[in-house]
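What's in coords_36.cif: mmCIF, C-alpha atoms
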data_query
loop_
_atom_site.group_PDB
_atom_site.id
_atom_site.type_symbol
_atom_site.label_atom_id
_atom_site.label_comp_id
_atom_site.auth_asym_id
_atom_site.auth_seq_id
_atom_site.Cartn_x
_atom_site.Cartn_y
_atom_site.Cartn_z
ATOM 1 C CA MET A 1 14.704 -89.414 -97.429
ATOM 2 C CA PHE A 2 12.005 -88.966 -94.796
ATOM 3 C CA ASP A 3 12.521 -91.183 -91.775
ATOM 4 C CA PRO A 4 9.234 -91.818 -89.921
ATOM 5 C CA GLN A 5 11.205 -93.199 -86.971
ATOM 6 C CA ALA A 6 13.384 -90.097 -86.646
ATOM 7 C CA PRO A 7 13.278 -88.307 -83.268
ATOM 8 C CA ARG A 8 10.795 -85.449 -83.162
ATOM 9 C CA PRO A 9 11.374 -81.993 -81.666
ATOM 10 C CA ARG A 10 9.925 -81.273 -78.241
ATOM 11 C CA PRO A 11 6.338 -79.959 -78.283
ATOM 12 C CA ASP A 12 7.396 -76.484 -77.141
ATOM 13 C CA ASP A 13 9.974 -76.330 -79.950
ATOM 14 C CA LEU A 14 7.304 -77.317 -82.446
ATOM 15 C CA ASP A 15 4.924 -74.701 -81.056
ATOM 16 C CA ALA A 16 7.582 -72.035 -81.576
ATOM 17 C CA ALA A 17 8.256 -73.280 -85.089
ATOM 18 C CA PHE A 18 4.589 -73.252 -86.102
ATOM 19 C CA ALA A 19 4.090 -69.847 -84.456
ATOM 20 C CA HIS A 20 6.924 -68.447 -86.573
ATOM 21 C CA CYS A 21 5.306 -69.852 -89.734
ATOM 22 C CA ALA A 22 2.018 -68.271 -88.702
ATOM 23 C CA ARG A 23 3.740 -64.891 -88.373
ATOM 24 C CA LEU A 24 5.291 -65.276 -91.826
ATOM 25 C CA THR A 25 1.889 -66.082 -93.288
ATOM 26 C CA ALA A 26 0.238 -63.126 -91.577
ATOM 27 C CA GLU A 27 2.950 -60.751 -92.758
ATOM 28 C CA HIS A 28 3.422 -61.883 -96.337
ATOM 29 C CA GLY A 29 0.368 -63.930 -97.307
ATOM 30 C CA ARG A 30 -2.646 -61.972 -96.179
ATOM 31 C CA THR A 31 -5.062 -63.933 -98.341
ATOM 32 C CA TYR A 32 -3.723 -67.284 -97.140
ATOM 33 C CA HIS A 33 -3.698 -66.120 -93.529
ATOM 34 C CA LEU A 34 -7.290 -64.929 -93.601
ATOM 35 C CA ALA A 35 -8.496 -68.083 -95.314
ATOM 36 C CA ALA A 36 -6.498 -70.315 -92.964
ATOM 37 C CA ARG A 37 -8.288 -68.803 -89.959
ATOM 38 C CA LEU A 38 -11.362 -70.749 -91.047
ATOM 39 C CA LEU A 39 -9.537 -74.091 -90.884
ATOM 40 C CA PRO A 40 -9.345 -76.462 -87.906
ATOM 41 C CA ALA A 41 -6.298 -75.680 -85.756
ATOM 42 C CA SER A 42 -4.108 -78.634 -86.760
ATOM 43 C CA GLN A 43 -4.686 -78.071 -90.462
ATOM 44 C CA ARG A 44 -4.200 -74.333 -90.041
ATOM 45 C CA ARG A 45 -0.767 -75.028 -88.562
ATOM 46 C CA ALA A 46 0.080 -77.266 -91.519
ATOM 47 C CA VAL A 47 -0.950 -74.570 -94.001
ATOM 48 C CA HIS A 48 1.257 -72.086 -92.159
ATOM 49 C CA ALA A 49 4.204 -74.508 -92.359
ATOM 50 C CA LEU A 50 3.754 -75.110 -96.089
ATOM 51 C CA TYR A 51 3.398 -71.390 -96.739
ATOM 52 C CA GLY A 52 6.367 -70.575 -94.508
ATOM 53 C CA PHE A 53 8.680 -72.884 -96.440
ATOM 54 C CA ALA A 54 7.512 -71.479 -99.772
ATOM 55 C CA ARG A 55 7.960 -67.953 -98.407
ATOM 56 C CA VAL A 56 11.529 -68.255 -97.152
ATOM 57 C CA VAL A 57 12.645 -69.967 -100.375
ATOM 58 C CA ASP A 58 10.800 -67.419 -102.490
ATOM 59 C CA ASP A 59 12.448 -64.579 -100.579
ATOM 60 C CA LEU A 60 15.845 -66.119 -101.221
ATOM 61 C CA VAL A 61 15.055 -66.223 -104.934
ATOM 62 C CA ASP A 62 13.352 -62.833 -105.204
ATOM 63 C CA VAL A 63 15.752 -60.819 -103.041
ATOM 64 C CA THR A 64 19.133 -62.516 -103.064
ATOM 65 C CA ALA A 65 19.045 -63.665 -106.694
ATOM 66 C CA VAL A 66 18.610 -60.097 -107.922
ATOM 67 C CA ASP A 67 21.752 -58.833 -106.175
ATOM 68 C CA ASP A 68 23.855 -61.979 -105.977
ATOM 69 C CA PRO A 69 22.741 -64.923 -108.147
ATOM 70 C CA VAL A 70 25.721 -67.037 -107.081
ATOM 71 C CA GLU A 71 24.808 -66.643 -103.420
ATOM 72 C CA ALA A 72 21.162 -67.413 -104.220
ATOM 73 C CA ALA A 73 22.160 -70.647 -105.969
ATOM 74 C CA ARG A 74 24.290 -71.604 -102.973
ATOM 75 C CA GLY A 75 21.418 -70.724 -100.657
ATOM 76 C CA LEU A 76 19.016 -72.942 -102.572
ATOM 77 C CA ALA A 77 21.467 -75.833 -102.475
ATOM 78 C CA ALA A 78 21.956 -75.328 -98.730
ATOM 79 C CA THR A 79 18.189 -75.121 -98.224
ATOM 80 C CA GLU A 80 17.701 -78.431 -99.982
ATOM 81 C CA ARG A 81 20.404 -80.087 -97.833
ATOM 82 C CA ARG A 82 18.847 -78.716 -94.660
ATOM 83 C CA PHE A 83 15.385 -79.772 -95.838
ATOM 84 C CA ARG A 84 16.548 -83.374 -96.246
ATOM 85 C CA ALA A 85 18.369 -83.248 -92.903
ATOM 86 C CA ALA A 86 15.202 -82.021 -91.174
ATOM 87 C CA LEU A 87 13.218 -84.896 -92.686
ATOM 88 C CA ALA A 88 15.863 -87.274 -91.324
ATOM 89 C CA GLY A 89 15.270 -85.876 -87.833
ATOM 90 C CA GLU A 90 18.347 -83.691 -87.465
ATOM 91 C CA PRO A 91 17.548 -80.679 -85.231
ATOM 92 C CA GLY A 92 19.357 -78.100 -87.358
ATOM 93 C CA ARG A 93 20.095 -74.478 -86.501
ATOM 94 C CA PRO A 94 17.442 -72.374 -84.715
ATOM 95 C CA ASP A 95 17.440 -69.637 -87.382
ATOM 96 C CA GLU A 96 14.414 -68.687 -89.485
ATOM 97 C CA LEU A 97 14.879 -71.504 -91.984
ATOM 98 C CA GLY A 98 15.507 -73.938 -89.149
ATOM 99 C CA LEU A 99 12.222 -73.002 -87.467
ATOM 100 C CA VAL A 100 10.307 -73.338 -90.712
ATOM 101 C CA LEU A 101 11.905 -76.705 -91.469
ATOM 102 C CA ARG A 102 10.940 -78.041 -88.035
ATOM 103 C CA ALA A 103 7.305 -77.190 -88.705
ATOM 104 C CA LEU A 104 7.506 -78.503 -92.257
ATOM 105 C CA ALA A 105 9.084 -81.830 -91.248
ATOM 106 C CA GLU A 106 6.358 -82.339 -88.638
ATOM 107 C CA THR A 107 3.701 -81.559 -91.253
ATOM 108 C CA VAL A 108 5.235 -84.016 -93.725
ATOM 109 C CA ARG A 109 5.424 -86.669 -91.012
ATOM 110 C CA ARG A 110 1.894 -86.179 -89.744
ATOM 111 C CA TYR A 111 0.152 -86.031 -93.117
ATOM 112 C CA ASP A 112 2.524 -88.156 -95.221
ATOM 113 C CA VAL A 113 3.004 -85.427 -97.830
ATOM 114 C CA PRO A 114 5.020 -86.777 -100.810
ATOM 115 C CA ILE A 115 8.609 -85.491 -100.849
ATOM 116 C CA ALA A 116 8.509 -85.295 -104.650
ATOM 117 C CA TYR A 117 6.295 -82.208 -104.378
ATOM 118 C CA PHE A 118 8.995 -80.300 -102.514
ATOM 119 C CA GLU A 119 11.659 -81.471 -104.948
ATOM 120 C CA ALA A 120 9.553 -80.111 -107.821
ATOM 121 C CA PHE A 121 9.134 -76.827 -105.945
ATOM 122 C CA LEU A 122 12.875 -76.406 -105.462
ATOM 123 C CA ARG A 123 13.474 -77.197 -109.140
ATOM 124 C CA SER A 124 11.116 -74.395 -110.169
ATOM 125 C CA MET A 125 12.807 -72.023 -107.754
ATOM 126 C CA ARG A 126 16.134 -72.758 -109.446
ATOM 127 C CA MET A 127 14.521 -71.615 -112.701
ATOM 128 C CA ASP A 128 14.373 -68.141 -111.147
ATOM 129 C CA VAL A 129 18.093 -67.982 -110.314
ATOM 130 C CA PRO A 130 20.521 -66.823 -113.027
ATOM 131 C CA GLY A 131 23.434 -69.167 -113.537
ATOM 132 C CA THR A 132 21.612 -72.384 -112.656
ATOM 133 C CA PRO A 133 21.067 -74.937 -115.445
ATOM 134 C CA GLU A 134 17.309 -74.559 -115.005
ATOM 135 C CA HIS A 135 17.224 -70.750 -115.190
ATOM 136 C CA HIS A 136 14.562 -68.959 -117.260
ATOM 137 C CA SER A 137 14.376 -65.160 -117.403
ATOM 138 C CA HIS A 138 11.269 -65.515 -119.548
ATOM 139 C CA TYR A 139 9.034 -68.239 -120.931
ATOM 140 C CA ARG A 140 8.431 -68.709 -124.628
ATOM 141 C CA ASP A 141 4.942 -70.177 -124.474
ATOM 142 C CA MET A 142 2.313 -71.509 -122.088
ATOM 143 C CA ALA A 143 3.792 -75.018 -122.215
ATOM 144 C CA GLU A 144 7.061 -73.736 -120.745
ATOM 145 C CA LEU A 145 5.192 -71.681 -118.174
ATOM 146 C CA TYR A 146 3.037 -74.628 -117.114
ATOM 147 C CA ASP A 147 6.212 -76.646 -116.553
ATOM 148 C CA TYR A 148 7.431 -73.920 -114.184
ATOM 149 C CA MET A 149 4.047 -73.593 -112.494
ATOM 150 C CA TYR A 150 3.851 -77.306 -111.743
ATOM 151 C CA GLY A 151 6.644 -76.856 -109.215
ATOM 152 C CA SER A 152 5.915 -73.293 -108.156
ATOM 153 C CA ALA A 153 2.146 -73.596 -107.684
ATOM 154 C CA VAL A 154 0.476 -76.871 -108.636
ATOM 155 C CA VAL A 155 2.383 -78.896 -106.052
ATOM 156 C CA ILE A 156 1.232 -76.467 -103.342
ATOM 157 C CA GLY A 157 -2.356 -77.495 -104.038
ATOM 158 C CA LEU A 158 -1.353 -81.158 -104.148
ATOM 159 C CA GLU A 159 0.490 -80.858 -100.814
ATOM 160 C CA LEU A 160 -2.739 -79.675 -99.220
ATOM 161 C CA LEU A 161 -4.811 -82.711 -100.263
ATOM 162 C CA PRO A 162 -3.310 -85.097 -97.671
ATOM 163 C CA VAL A 163 -3.383 -82.302 -95.078
ATOM 164 C CA PHE A 164 -7.121 -81.959 -95.669
ATOM 165 C CA GLY A 165 -7.670 -85.716 -95.676
ATOM 166 C CA VAL A 166 -8.662 -85.856 -99.336
ATOM 167 C CA ASP A 167 -7.703 -89.106 -101.070
ATOM 168 C CA ASP A 168 -10.199 -88.957 -103.948
ATOM 169 C CA PRO A 169 -8.167 -89.019 -107.204
ATOM 170 C CA ASP A 170 -10.842 -86.856 -108.817
ATOM 171 C CA ALA A 171 -9.648 -84.004 -106.594
ATOM 172 C CA VAL A 172 -6.172 -83.914 -108.139
ATOM 173 C CA PRO A 173 -6.962 -82.019 -111.380
ATOM 174 C CA HIS A 174 -9.079 -79.526 -109.437
ATOM 175 C CA ALA A 175 -6.323 -78.890 -106.895
ATOM 176 C CA SER A 176 -3.836 -78.529 -109.748
ATOM 177 C CA ALA A 177 -6.078 -76.007 -111.489
ATOM 178 C CA LEU A 178 -6.487 -74.011 -108.277
ATOM 179 C CA GLY A 179 -2.723 -73.735 -107.830
ATOM 180 C CA THR A 180 -2.393 -72.656 -111.456
ATOM 181 C CA ALA A 181 -5.174 -70.085 -111.077
ATOM 182 C CA PHE A 182 -3.553 -68.558 -107.995
ATOM 183 C CA GLN A 183 -0.149 -68.409 -109.697
ATOM 184 C CA LEU A 184 -1.482 -66.831 -112.885
ATOM 185 C CA THR A 185 -3.241 -64.267 -110.710
ATOM 186 C CA ASN A 186 0.060 -63.445 -109.027
ATOM 187 C CA PHE A 187 1.827 -63.134 -112.385
ATOM 188 C CA ILE A 188 -0.812 -60.714 -113.675
ATOM 189 C CA ARG A 189 -0.759 -58.620 -110.496
ATOM 190 C CA ASP A 190 3.050 -58.517 -110.317
ATOM 191 C CA VAL A 191 4.061 -57.805 -113.931
ATOM 192 C CA GLY A 192 5.645 -54.482 -113.014
ATOM 193 C CA GLU A 193 7.511 -55.737 -109.950
ATOM 194 C CA ASP A 194 8.816 -58.734 -111.870
ATOM 195 C CA LEU A 195 10.142 -56.470 -114.611
ATOM 196 C CA ASP A 196 12.371 -54.852 -111.987
ATOM 197 C CA ARG A 197 13.871 -58.310 -111.400
ATOM 198 C CA ASP A 198 14.341 -58.845 -115.157
ATOM 199 C CA ARG A 199 11.673 -61.514 -115.157
ATOM 200 C CA LEU A 200 8.700 -61.976 -117.425
ATOM 201 C CA TYR A 201 6.473 -64.859 -116.425
ATOM 202 C CA LEU A 202 3.542 -64.413 -118.800
ATOM 203 C CA PRO A 203 4.947 -65.950 -122.000
ATOM 204 C CA VAL A 204 6.602 -63.971 -124.773
ATOM 205 C CA GLU A 205 4.237 -65.668 -127.216
ATOM 206 C CA LEU A 206 1.198 -64.314 -125.337
ATOM 207 C CA TRP A 207 2.543 -60.754 -125.310
ATOM 208 C CA ALA A 208 3.694 -60.911 -128.941
ATOM 209 C CA SER A 209 0.276 -62.046 -130.156
ATOM 210 C CA PHE A 210 -1.001 -58.641 -129.000
ATOM 211 C CA GLY A 211 1.968 -56.695 -130.337
ATOM 212 C CA VAL A 212 3.642 -56.213 -126.940
ATOM 213 C CA ASP A 213 7.363 -56.467 -126.244
ATOM 214 C CA VAL A 214 9.481 -55.871 -123.155
ATOM 215 C CA GLU A 215 10.283 -52.297 -124.191
ATOM 216 C CA LEU A 216 6.585 -51.401 -124.259
ATOM 217 C CA LEU A 217 6.114 -52.951 -120.819
ATOM 218 C CA ARG A 218 9.106 -51.072 -119.409
ATOM 219 C CA GLU A 219 7.728 -47.830 -120.812
ATOM 220 C CA GLY A 220 4.498 -48.478 -118.939
ATOM 221 C CA ARG A 221 6.486 -49.214 -115.797
ATOM 222 C CA ARG A 222 8.275 -45.854 -116.109
ATOM 223 C CA THR A 223 5.297 -43.721 -117.089
ATOM 224 C CA GLY A 224 2.374 -45.400 -115.346
ATOM 225 C CA THR A 225 0.481 -45.679 -118.620
ATOM 226 C CA VAL A 226 -1.186 -48.775 -120.008
ATOM 227 C CA HIS A 227 -0.946 -49.095 -123.769
ATOM 228 C CA PRO A 228 -4.112 -50.520 -125.385
ATOM 229 C CA ARG A 229 -2.110 -53.502 -126.652
ATOM 230 C CA VAL A 230 -0.881 -54.205 -123.130
ATOM 231 C CA ARG A 231 -4.428 -53.927 -121.833
ATOM 232 C CA ARG A 232 -5.679 -56.452 -124.377
ATOM 233 C CA ALA A 233 -2.841 -58.873 -123.550
ATOM 234 C CA LEU A 234 -3.585 -58.622 -119.832
ATOM 235 C CA ALA A 235 -7.300 -59.102 -120.469
ATOM 236 C CA HIS A 236 -6.432 -62.320 -122.287
ATOM 237 C CA ALA A 237 -4.244 -63.438 -119.375
ATOM 238 C CA VAL A 238 -7.107 -62.715 -116.963
ATOM 239 C CA ALA A 239 -9.383 -64.888 -119.117
ATOM 240 C CA LEU A 240 -6.839 -67.729 -118.932
ATOM 241 C CA ALA A 241 -6.724 -67.420 -115.145
ATOM 242 C CA ARG A 242 -10.517 -67.375 -114.856
ATOM 243 C CA ALA A 243 -10.661 -70.553 -116.935
ATOM 244 C CA GLU A 244 -8.431 -72.231 -114.343
ATOM 245 C CA TYR A 245 -10.722 -71.043 -111.539
ATOM 246 C CA ARG A 246 -13.659 -72.629 -113.364
ATOM 247 C CA LYS A 247 -11.753 -75.915 -113.621
ATOM 248 C CA ALA A 248 -10.907 -75.744 -109.927
ATOM 249 C CA GLU A 249 -14.308 -74.856 -108.497
ATOM 250 C CA PRO A 250 -15.977 -78.321 -108.674
ATOM 251 C CA GLY A 251 -13.152 -79.625 -106.499
ATOM 252 C CA LEU A 252 -14.311 -77.486 -103.588
ATOM 253 C CA ASP A 253 -17.242 -79.850 -103.109
ATOM 254 C CA LEU A 254 -14.808 -82.745 -102.636
ATOM 255 C CA LEU A 255 -13.272 -81.113 -99.558
ATOM 256 C CA PRO A 256 -14.303 -82.032 -96.010
ATOM 257 C CA ASP A 257 -16.997 -79.794 -94.559
ATOM 258 C CA ARG A 258 -14.695 -78.163 -91.982
ATOM 259 C CA VAL A 259 -12.079 -77.340 -94.617
ATOM 260 C CA ARG A 260 -14.297 -76.096 -97.428
ATOM 261 C CA PRO A 261 -15.047 -72.556 -96.081
ATOM 262 C CA GLY A 262 -11.357 -71.708 -95.724
ATOM 263 C CA ILE A 263 -10.425 -72.875 -99.206
ATOM 264 C CA ARG A 264 -13.488 -71.264 -100.754
ATOM 265 C CA ALA A 265 -12.503 -68.010 -99.051
ATOM 266 C CA ALA A 266 -9.062 -68.199 -100.685
ATOM 267 C CA PHE A 267 -10.739 -69.085 -103.983
ATOM 268 C CA VAL A 268 -13.013 -66.034 -103.798
ATOM 269 C CA LEU A 269 -10.329 -63.639 -102.517
ATOM 270 C CA TYR A 270 -7.833 -64.505 -105.221
ATOM 271 C CA GLY A 271 -10.540 -64.138 -107.841
ATOM 272 C CA ARG A 272 -11.228 -60.683 -106.436
ATOM 273 C CA ILE A 273 -7.640 -59.704 -107.264
ATOM 274 C CA LEU A 274 -8.525 -60.186 -110.926
ATOM 275 C CA ASP A 275 -11.634 -58.050 -110.391
ATOM 276 C CA GLU A 276 -9.456 -55.288 -108.964
ATOM 277 C CA VAL A 277 -7.006 -55.579 -111.878
ATOM 278 C CA GLU A 278 -9.862 -55.087 -114.330
ATOM 279 C CA ALA A 279 -11.391 -52.264 -112.280
ATOM 280 C CA SER A 280 -8.051 -50.426 -112.277
ATOM 281 C CA GLY A 281 -7.906 -50.479 -116.067
ATOM 282 C CA PHE A 282 -5.107 -53.095 -115.854
ATOM 283 C CA ARG A 283 -2.789 -50.672 -113.994
ATOM 284 C CA VAL A 284 -0.391 -53.399 -112.885
ATOM 285 C CA LEU A 285 2.816 -52.004 -114.353
ATOM 286 C CA ASP A 286 3.341 -49.132 -111.935
ATOM 287 C CA ARG A 287 1.453 -50.349 -108.853
ATOM 288 C CA ARG A 288 0.415 -53.427 -106.898
ATOM 289 C CA VAL A 289 -3.313 -54.011 -107.073
ATOM 290 C CA THR A 290 -4.837 -55.238 -103.806
ATOM 291 C CA VAL A 291 -8.245 -56.286 -102.552
ATOM 292 C CA PRO A 292 -9.554 -53.747 -99.992
ATOM 293 C CA ARG A 293 -9.327 -54.887 -96.380
ATOM 294 C CA ARG A 294 -13.066 -54.468 -95.891
ATOM 295 C CA THR A 295 -13.747 -56.754 -98.850
ATOM 296 C CA ARG A 296 -11.354 -59.391 -97.539
ATOM 297 C CA ALA A 297 -13.012 -59.332 -94.126
ATOM 298 C CA ALA A 298 -16.490 -59.584 -95.663
ATOM 299 C CA VAL A 299 -15.510 -62.613 -97.739
ATOM 300 C CA VAL A 300 -14.050 -64.422 -94.735
ATOM 301 C CA LEU A 301 -17.104 -63.602 -92.599
ATOM 302 C CA THR A 302 -19.439 -64.876 -95.333
ATOM 303 C CA GLN A 303 -17.588 -68.167 -95.580
ATOM 304 C CA PHE A 304 -17.461 -68.500 -91.784
ATOM 305 C CA VAL A 305 -21.233 -68.037 -91.557
ATOM 306 C CA ALA A 306 -21.856 -70.432 -94.435
ATOM 307 C CA GLY A 307 -19.677 -73.063 -92.794
ATOM 308 C CA SER A 308 -21.334 -72.563 -89.411
ATOM 309 C CA VAL A 309 -24.847 -72.817 -90.855
ATOM 310 C CA GLY A 310 -23.923 -75.916 -92.812
ATOM 311 C CA ALA A 311 -22.468 -77.558 -89.726
ATOM 312 C CA SER A 312 -25.577 -76.683 -87.711
ATOM 313 C CA VAL A 313 -27.886 -78.185 -90.331
ATOM 314 C CA ARG A 314 -25.842 -81.389 -90.486
ATOM 315 C CA TRP A 315 -25.823 -81.589 -86.669
ATOM 316 C CA ARG A 316 -29.649 -81.443 -86.552
ATOM 317 C CA GLN A 317 -30.297 -83.870 -89.394
ATOM 318 C CA PRO A 318 -30.159 -87.059 -87.260
ATOM 319 C CA GLU A 319 -32.701 -85.578 -84.866
ATOM 320 C CA ARG A 320 -35.111 -84.809 -87.720
ATOM 321 C CA ALA A 321 -34.643 -88.283 -89.155
ATOM 322 C CA ALA A 322 -35.498 -89.772 -85.790
#
Represent the supplied structure as structure tokens.
Amino acid sequence: MFDPQAPRPRPDDLDAAFAHCARLTAEHGRTYHLAARLLPASQRRAVHALYGFARVVDDLVDVTAVDDPVEAARGLAATERRFRAALAGEPGRPDELGLVLRALAETVRRYDVPIAYFEAFLRSMRMDVPGTPEHHSHYRDMAELYDYMYGSAVVIGLELLPVFGVDDPDAVPHASALGTAFQLTNFIRDVGEDLDRDRLYLPVELWASFGVDVELLREGRRTGTVHPRVRRALAHAVALARAEYRKAEPGLDLLPDRVRPGIRAAFVLYGRILDEVEASGFRVLDRRVTVPRRTRAAVVLTQFVAGSVGASVRWRQPERAA
């Protein structure tokens, strides 16, 4: 349970913790890192902390669970214990997880982020670990996948609402859709890599409706070819993801002015991943599709200029009214 009266780390310790989360974001989450650069400093630090926690847990699941599922399950249980201890104000060990948890606990304290979101996240992470009661190596249909994505992606969007100062209940479905859109984009981009971990996130029902099974996907992974049935299935998955982006987009207007450019940049950049998937002929089985660096920089610059112009116009409005 989070204790608001718990002793807080010294400012220099917190600075080190947030700096470590920023490095994790820069190294592993290029899209998030670029978009976060457009945010005010305090909110940028919070985004880094939320991403850092998701990253270290995801690494535990993606790396350790493949080689040693038992150790991964133990690691998740230990992570949850340390998470709760950090919220209670215990200093913890100064290892990578300890640094991330310091930044995360400060973020939760400052913005009053509901603990239930992190509990849902950890539950979904257990779904990725063989041997846990929650484990899924594949999902039968979209309903099962959406249950997983609530914890793995939707709650990330919901965690950001209090960080951004958004308390309008109308923003919740839009934030949920944005998390879903980002996650579906990741699943489409990473089909081949996930096969190597014996995971299949896009549902069996979706693949089967286009005549695709795991053997056909593994053949594409080995040969670098994309069977027409696989291409049609992926095109359908892209359409599902784009539908979530459309649901999410009206929510961007509910964000504070200083926050909107950063989130719109992430919105545009993740959508560009789908563009690159389509442009590659859906070559996601044998390679990782990325958005070119020049394109990423152009998107961020465009949103920075748009935000700056908007702020300038709003600053002059009182003078014109006078």
One-decimal distance in Å that lies between CA of Val47 (chain A) and CA of Ala105 (chain A):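 We find that CA of Ala105 (chain A) and CA of Val47 (chain A) lie 12.7 Å from each other.
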Using the chain letters and residue numbers of this document, give as an MDAnalysis selection string the residues selected by the PyMOL selection byres ((chain A and resi 38) around 8). chainID A and resid 34:37 39:40 259 261:262 300 304
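For the residues A:Val277, A:Leu254, A:Leu269, A:Val299, ranking by smallest atom-to-atom distance to Asp170 (chain A) using only C-alpha atoms places A:Leu254 first.
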Non-local contacts of Val268 (chain A) (12 Å; all atoms listed in the file; under 5 positions in same chain excluded) as a ChimeraX atom specification: /A:31-32,34-35,178,181-182,242,245-246,248-249,252,260-263,273-275,291,295-300,302-303
Which residues, written as a PyMOL selection string, have at least one atom at most 9 Å from Glu96 (chain A), with all atoms listed in the file counted and residues fewer than 6 positions away on the same chain left out? chain A and resi 17+20+56
From the list A:Ala41, A:Leu202, A:Leu101, A:Val172, which residue is nearest Arg55 (chain A) when using only C-alpha atoms?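 For Arg55 (chain A), the nearest of the given residues is A:Leu101.
When only C-alpha atoms are used to compute distances to Pro162 (chain A), the closest of the residues A:Pro256, A:Pro91, A:Gly52, A:Pro250 turns out to be A:Pro256.
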Which distance in Å separates CA of Arg30 (chain A) and CA of Arg293 (chain A), to one decimal?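 These atoms are spaced 9.7 Å apart.
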Residue contacts of region 65-78 of chain A (7 Å, all atoms listed in the file) excluding same-chain residues fewer than 5 positions away, as a PyMOL selection string: chain A and resi 60+129-132+197
So that I can see what lies close to Ala49 (chain A), please list as a ChimeraX atom specification the residues with an atom at most 9 Å from it, counting all atoms listed in the file and leaving out residues fewer than 4 positions away in the same chain. /A:17-18,20-22,25,44-45,53-54,100-107
Selection result of the PyMOL selection byres ((chain A and resi 211-218) around 12) on this file, as a ChimeraX atom specification: /A:137-138,191-210,219-234,283-286
Those residues with C-alpha atoms, as a PDB file, in the coordinates of the input please?
ATOM      1  CA  SER A 137      14.376 -65.160-117.403  1.00  0.00           C
ATOM      2  CA  HIS A 138      11.269 -65.515-119.548  1.00  0.00           C
ATOM      3  CA  VAL A 191       4.061 -57.805-113.931  1.00  0.00           C
ATOM      4  CA  GLY A 192       5.645 -54.482-113.014  1.00  0.00           C
ATOM      5  CA  GLU A 193       7.511 -55.737-109.950  1.00  0.00           C
ATOM      6  CA  ASP A 194       8.816 -58.734-111.870  1.00  0.00           C
ATOM      7  CA  LEU A 195      10.142 -56.470-114.611  1.00  0.00           C
ATOM      8  CA  ASP A 196      12.371 -54.852-111.987  1.00  0.00           C
ATOM      9  CA  ARG A 197      13.871 -58.310-111.400  1.00  0.00           C
ATOM     10  CA  ASP A 198      14.341 -58.845-115.157  1.00  0.00           C
ATOM     11  CA  ARG A 199      11.673 -61.514-115.157  1.00  0.00           C
ATOM     12  CA  LEU A 200       8.700 -61.976-117.425  1.00  0.00           C
ATOM     13  CA  TYR A 201       6.473 -64.859-116.425  1.00  0.00           C
ATOM     14  CA  LEU A 202       3.542 -64.413-118.800  1.00  0.00           C
ATOM     15  CA  PRO A 203       4.947 -65.950-122.000  1.00  0.00           C
ATOM     16  CA  VAL A 204       6.602 -63.971-124.773  1.00  0.00           C
ATOM     17  CA  GLU A 205       4.237 -65.668-127.216  1.00  0.00           C
ATOM     18  CA  LEU A 206       1.198 -64.314-125.337  1.00  0.00           C
ATOM     19  CA  TRP A 207       2.543 -60.754-125.310  1.00  0.00           C
ATOM     20  CA  ALA A 208       3.694 -60.911-128.941  1.00  0.00           C
ATOM     21  CA  SER A 209       0.276 -62.046-130.156  1.00  0.00           C
ATOM     22  CA  PHE A 210      -1.001 -58.641-129.000  1.00  0.00           C
ATOM     23  CA  GLU A 219       7.728 -47.830-120.812  1.00  0.00           C
ATOM     24  CA  GLY A 220       4.498 -48.478-118.939  1.00  0.00           C
ATOM     25  CA  ARG A 221       6.486 -49.214-115.797  1.00  0.00           C
ATOM     26  CA  ARG A 222       8.275 -45.854-116.109  1.00  0.00           C
ATOM     27  CA  THR A 223       5.297 -43.721-117.089  1.00  0.00           C
ATOM     28  CA  GLY A 224       2.374 -45.400-115.346  1.00  0.00           C
ATOM     29  CA  THR A 225       0.481 -45.679-118.620  1.00  0.00           C
ATOM     30  CA  VAL A 226      -1.186 -48.775-120.008  1.00  0.00           C
ATOM     31  CA  HIS A 227      -0.946 -49.095-123.769  1.00  0.00           C
ATOM     32  CA  PRO A 228      -4.112 -50.520-125.385  1.00  0.00           C
ATOM     33  CA  ARG A 229      -2.110 -53.502-126.652  1.00  0.00           C
ATOM     34  CA  VAL A 230      -0.881 -54.205-123.130  1.00  0.00           C
ATOM     35  CA  ARG A 231      -4.428 -53.927-121.833  1.00  0.00           C
ATOM     36  CA  ARG A 232      -5.679 -56.452-124.377  1.00  0.00           C
ATOM     37  CA  ALA A 233      -2.841 -58.873-123.550  1.00  0.00           C
ATOM     38  CA  LEU A 234      -3.585 -58.622-119.832  1.00  0.00           C
ATOM     39  CA  ARG A 283      -2.789 -50.672-113.994  1.00  0.00           C
ATOM     40  CA  VAL A 284      -0.391 -53.399-112.885  1.00  0.00           C
ATOM     41  CA  LEU A 285       2.816 -52.004-114.353  1.00  0.00           C
ATOM     42  CA  ASP A 286       3.341 -49.132-111.935  1.00  0.00           C
TER      43      ASP A 286
END
Could you tell me how far CA of Val238 (chain A) lies from CA of Asp253 (chain A), in Å and to one decimal?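 Distance between the two atoms: 24.3 Å.
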Which neighbours of Pro133 (chain A) fall inside 12 Å, counting only C-alpha atoms, when residues of the same chain fewer than 6 positions from it are skipped, and could you give them as a count of residues only? 6
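You can rank A:Arg272, A:Arg23, A:Arg294, A:His136 by their closest distance to Ala241 (chain A) using all atoms listed in the file, and at the top of that list sits A:Arg272.
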From A:Ala153, A:Val57, A:Leu184, A:Val166, residue lying nearest Tyr270 (chain A) [all atoms listed in the file]: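 That would be A:Leu184, the residue with the smallest distance to Tyr270 (chain A).
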Find, counting all atoms listed in the file, the residue in A:Asp58, A:Ala265, A:His236, A:Asp13 that gets nearest to His33 (chain A).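 For His33 (chain A), the nearest of the given residues is A:Ala265.
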5 Å per side around region 289-296 of chain A: axis-aligned box centre and edge lengths, as AutoDock Vina command-line options:
--center_x -8.5 --center_y -56.6 --center_z -101.5 --size_x 20.4 --size_y 15.6 --size_z 21.2
